[in-house]
Structures are given as C-alpha cells and as structure tokens.
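Quick notes on the structure that follows.
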Amino acid sequence: MRPAYKKSKLFRRSRVLWGSYVSWRPRLVFWAGAIAIGLISVAFAELADLAQLAFRSMTGSGRWGYLLPLVLTPSIFVLSAWLAIRFFPNAQGSGIPQAIAARHMHDEEDRSRLLSLKLAGGKILLTVLGLFSGASIGREGPTVQVGASIMMQAARWGGMAQARGLILAGSAAGIAAAFNTPLAGIVFAIEEMSRTYEARANGLVLTAVILSGLAALALAGNYTYFGTTTIVAGSLREWMLVPICGIGGGLLGAGFSACALRLSRRIRHWAQPAPLKRMLLLAAGCGCGVAVLGILSGGATFGTGYEQARHAIEGQPLPLFFFLEKLLASFLSMISGIPGGIFAPSLSIGAGFGSSVGILLGTSAGLAAILGMAGYFAGIVQAPMTAFVIIMEMTGNHDGVIALMATAMIGYMTSRLVSREPLYHGLARTFIAQGRLMRRTQAKTATDESDSNKL
C-alpha cells in the first residue's frame, strides 16, 4: 500500500505542475518573449543596414554629396537627442547600463523607467535614425535594452516574480540574437551583466538564448558575423602580436572608458541650468565633429564600422590611423546623448588598431586585426571571457582560441591598472542614482502635501 500511495502522490504533484493553466501561463509567456526577442533583433538588424545603405547612397552620389553630412549629421543628431529627451527618457546611449541598473533596483516603477515596451520601440527608432545620420554607433547594445524590456513586460503579463533573472535572460538573448553568438550571450550575462554566477537564473538564460536564437535562425539563417577564418599564430613575430595588441588595446580601451565616465559626469553638471537647450547644443557640436571626421576619412568612420572590420579580418590592411579616427567618432557619438551602442564600433576600432600593428611588424593583417579586436574590446568592457568568446564565434576561428584568450586577458589586466571602474557599470551608477533621487523627491513631495493637508 505504501508504494501505491507514493505513486499517487507523485502523480498528483506532476499534474499540478504540468497540467494546470496557472502553471503553464508564465512558461508560455516567457517562451513567447524569448522568441519575440529573436524576431525583433533580426528586424532591427535589417532596419539598421537599410539606414546605413541610405546614408551611403545619399552622401556618395552627386557632386556635392560628400558635403551633405555637414548638414545632415548634426541636424539628425539634434533631432534624435530631442526625441530621446522629450519622448523616450533613459533611451540615450548604449542600453546596457540601463539593463544593469534595472537589475539593482527593487521597485517596479523604477525599473519601468529604464525597461518598457515604449522605450524598446523608441530605442530601435532612434538608433536607426542615428545610423541614417552616419553616427558611429551600433545596434547590439540597444538590442540588450530591447531584450530586457521585452522580458520585463513578459514578467508583468505572466505574473512572474523573477525580475532580476528575467532581465539577465532578456539581455543574453539580445546579444545572442544580434550577433548570432549564443555562447557569447550566456557568457555576457554571467560576466558583464551580473558579475557573478547565479544558479537560479541559468535555466532562464539558457532557455531564452535557445528560443531567441532559433527564431533569429528561422529568419536570417545560420551565419558567422564576420565570416569564417582559420588564421593562427605560427611564427615568433606573430606571437609578438599577443602582448602588443593586449597592452595597446587595453590602454586604448581604458582611456576611452575613463574619459567617457569623467566627461559624462561633467556634462550632467554643465547641462543642469538648462538641460534641454544645452544637450541639444552638445548634440549639434558632436554631430559636426562626426561629419568632419567622416569627410576627412573618406566616409570610413561613418556607421558601425562593420565593413572595415571585416576587410581587415580578411587580410586587407586598413589605413594606419583609421583606429584613432574611428575612436574619436565613436566617442563623440557616445557623449552626444543620442541612442546607440559601442559594441560594433569598438570591434572596428580594435580591428583598425591590430591592422596598424600588423603593418608595422610585417605580420598577417587578418591575425593582427582579430587580436586587436580582442585586446581593445576586453579593455573597454573589462570582460575578457566575453571578449574572446564573442570574437571566436563571430569569426569562427576556434583554432586560434589560445592567442585570443591570452590577448583578451592581457587587455583586461592592462585596462584594470588604468581604469578601475568598468564602463557599463560606471554608467549604470548614474541611472541608479537618478532613480534614488527621484524616489526621494517623490517621498518629500508626498510628505509636504500631507503636512499641508493637515494644516
């Protein structure tokens, strides 16, 4: 009788767990959210490519086409910054800091200011608009905020309470679908988004990455972001690229991060007396700078930099100082206040730096570009595992993984010596502080109203 009793009890538990609508509803909503991230990521990528193609066709045709950016770029920078401030607050910049900040917040209202379907729509619209202006931005960081926003909405519809884990899952799914790099999405969630391994969230992350990846594959097919290469370090001179690209890339990445964090704080203080007016002036100035750099570089610094990075990986050396021009264009685009990420431009900067090192040393341009990407990317985000995994998946270069790992680790350690605070986490502190300030202001207002009512 006892075994039969246990079997009956187990059957009843299984039926409650798998047979009721209440238990299935959150699962179905979560799965639908993950699939939606994959589909939206592919659509976002197509819109971004069309925007860049439209910009190139406009500025590359006609006698005066090359001067058009002097008007078009600053005008759209101002328009994008105004729309972000007026209609989509907290949509500015990459989107990764917003997702990190939302994970540290406990109040639903505070999270909703950083992650919502309205913000996701605005993020896509304004990032595409920025690429249409020639801004040196990417769509991958914004895809993280979009993915996290979709998962937060799924949590509301499905009645799920695991907000931190769902933000992590949405962010990982966004990276995985944006680059077609499922392993990098998981590593990014663990190393960059949470900075710790959370066993309770690993199932959510893995499921979201699988479903979003399958949805993206159904639309875009299976592809390698930069194509496939099998270049490996063979000679002593080629192995010398590892410390040079690691140290040089780490210094460049740390310098970019430190300057961005310091200047962003100063800009906030400078803009306080008249935020809208001064931020629009800043956007116009940055837009002019991006336009001038684009014209001087023959259009090479406009857009994500994908084509330049791919050419370098394929063995076509880039201009010697391209990486400095691209770094400055990316910096101006970042501090301008328009929505847009730094993932793709950072890979282009790293490829340009590696290409220049390869030219000077007389080594393989493709190998130097890949190692330059690893060193610079690890330096700017201070996430070495994410750096080498994402570049390995984007190039399909599994044979050269030891050199990639070593370069990323050297870049990370060099960056930590110069800048102790990672870029995304430093920027996330701003959103956390703004949320706390807003809560205190609301609490003070409510107290004052209560006191006046008593009087």
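Just so we're on the same page: first chain in the structure tokens is A, next is B, and so on; residues restart at 1 for each chain, and ligands are numbered from 1 in the order they show up.
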Would you mind listing, for every residue of stretch 37-156 of chain A within 10 Å of stretch 178-186 of chain A, the two atoms forming the shortest contact and the distance between them in Å to one decimal, using only C-alpha atoms, sorted by chain and ascending residue number, as JSON lines?
{"residue": "A:Ile37", "atom": "CA", "partner": "A:Ala178", "partner_atom": "CA", "distance": 9.5}
{"residue": "A:Gly38", "atom": "CA", "partner": "A:Ala178", "partner_atom": "CA", "distance": 8.1}
{"residue": "A:Ile40", "atom": "CA", "partner": "A:Ala178", "partner_atom": "CA", "distance": 9.6}
{"residue": "A:Ser41", "atom": "CA", "partner": "A:Ala178", "partner_atom": "CA", "distance": 5.8}
{"residue": "A:Val42", "atom": "CA", "partner": "A:Ala178", "partner_atom": "CA", "distance": 7.1}
{"residue": "A:Phe44", "atom": "CA", "partner": "A:Ala178", "partner_atom": "CA", "distance": 8.7}
{"residue": "A:Ala45", "atom": "CA", "partner": "A:Ala178", "partner_atom": "CA", "distance": 7.3}
{"residue": "A:Arg139", "atom": "CA", "partner": "A:Ala178", "partner_atom": "CA", "distance": 7.9}
{"residue": "A:Glu140", "atom": "CA", "partner": "A:Ala178", "partner_atom": "CA", "distance": 5.8}
{"residue": "A:Gly141", "atom": "CA", "partner": "A:Ala178", "partner_atom": "CA", "distance": 9.1}
{"residue": "A:Pro142", "atom": "CA", "partner": "A:Ala178", "partner_atom": "CA", "distance": 9.8}
{"residue": "A:Thr143", "atom": "CA", "partner": "A:Ala178", "partner_atom": "CA", "distance": 6.9}
{"residue": "A:Val144", "atom": "CA", "partner": "A:Ala178", "partner_atom": "CA", "distance": 8.8}
May I have the selected residues written with C-alpha atoms, as a compact mmCIF listing (two decimals), in the first residue's frame?
# COMPACT_ATOMS: atom_id res chain seq x y z
CA ILE A 37 13.45 38.99 -28.95
CA GLY A 38 14.91 36.87 -31.75
CA ILE A 40 12.75 41.77 -33.32
CA SER A 41 16.55 41.54 -33.28
CA VAL A 42 16.60 40.35 -36.89
CA PHE A 44 16.28 45.65 -36.05
CA ALA A 45 19.40 44.46 -37.89
CA ARG A 139 22.67 48.24 -32.62
CA GLU A 140 23.94 45.46 -30.35
CA GLY A 141 23.91 47.39 -27.06
CA PRO A 142 20.42 48.76 -27.79
CA THR A 143 19.29 45.18 -28.50
CA VAL A 144 20.20 44.33 -24.89
Practice problem: For A:Arg86, work out the shell of residues within 12 Å, counting only C-alpha atoms and skipping chain neighbours fewer than 6 positions away, then give it as an MDAnalysis selection string. | Solution: chainID A and resid 78:80 92 122 275:277 279:280
Take the selection from the previous step and output its residues with N, CA and C atoms, as a compact mmCIF listing (two decimals), in the first residue's frame.
# COMPACT_ATOMS: atom_id res chain seq x y z
N VAL A 78 20.66 66.36 -33.47
CA VAL A 78 19.81 67.23 -32.65
C VAL A 78 18.40 66.66 -32.56
N LEU A 79 17.86 66.21 -33.68
CA LEU A 79 16.52 65.63 -33.69
C LEU A 79 16.45 64.39 -32.81
N SER A 80 17.44 63.51 -32.93
CA SER A 80 17.45 62.28 -32.13
C SER A 80 17.57 62.58 -30.64
N GLN A 92 18.85 57.07 -24.04
CA GLN A 92 20.13 57.55 -24.55
C GLN A 92 21.22 56.51 -24.36
N GLY A 122 11.22 53.11 -28.90
CA GLY A 122 11.99 54.34 -29.10
C GLY A 122 13.46 54.06 -29.35
N PRO A 275 18.80 71.95 -19.18
CA PRO A 275 19.14 70.62 -19.73
C PRO A 275 18.82 70.44 -21.20
N LEU A 276 17.62 70.81 -21.62
CA LEU A 276 17.22 70.58 -23.00
C LEU A 276 18.08 71.40 -23.96
N LYS A 277 18.18 72.68 -23.71
CA LYS A 277 18.93 73.57 -24.60
C LYS A 277 20.39 73.14 -24.71
N MET A 279 21.86 70.23 -23.94
CA MET A 279 22.07 68.90 -24.52
C MET A 279 21.89 68.92 -26.03
N LEU A 280 20.98 69.77 -26.52
CA LEU A 280 20.82 69.90 -27.97
C LEU A 280 22.02 70.59 -28.60
Quiz prompt | Nearest to A:Met392 by atom-to-atom distance, counting only C-alpha atoms, from A:Thr228, A:Thr207, A:Ser419, A:Gln434 | solution =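 Going through A:Thr228, A:Thr207, A:Ser419, A:Gln434 one by one, the smallest distance to A:Met392 is for A:Thr228.
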Exercise. Counting only C-alpha atoms, figure out which residue out of A:Gly341, A:Gly165, A:Gly159, A:Gly221 gets nearest to A:Gly203.
Key: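 Ranked by minimum distance to A:Gly203, first place goes to A:Gly165.
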Quiz item: What's the 12 Å shell around A:Phe55, counting only C-alpha atoms, without same-chain residues fewer than 6 positions away, as an MDAnalysis selection string?
Solution: chainID A and resid 48:49 61 65:66 68:69 72:73 76 128:135 294 299 302:303
Quiz item: With only C-alpha atoms as the atoms that count, which of A:Arg262, A:Gly246, A:Ser94, A:Ala291 lies nearest to A:Ile338?
Solution: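 When distances to A:Ile338 are compared using only C-alpha atoms, the smallest one comes from A:Ser94.
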Practice problem: Please provide the set of residues having any atom within 7 Å of A:Ala309, restricted to only C-alpha atoms, with same-chain residues fewer than 3 positions apart removed, written as a list of chain:residue names. | Solution: A:Gly305, A:Tyr306, A:Ala312, A:Ile313, A:Leu347, A:Ser348, A:Ala351
Quiz item: Please, which residues of stretch 63-304 of chain A, numbered as in this document, come out alpha helix (DSSP H) from DSSP, as number ranges by chain?
Solution: A: 69-86, 96-103, 108-114, 117-132, 140-158, 163-179, 182-188, 202-220, 236-239, 241-271, 275-296
Quiz prompt | Shell around A:His104 at 12 Å using only C-alpha atoms, local window under 5 positions removed, as a PyMOL selection string | solution = chain A and resi 97-99+110-111+114+163-165+167-168+193-194+425+428-429+431-433+435-436
Quiz prompt | Top pick for closest residue to A:Gly93, considering A:Arg56, A:Lys123, A:His106, A:His398 and counting only C-alpha atoms | solution =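 With only C-alpha atoms as the atom set, the closest residue is A:Lys123.
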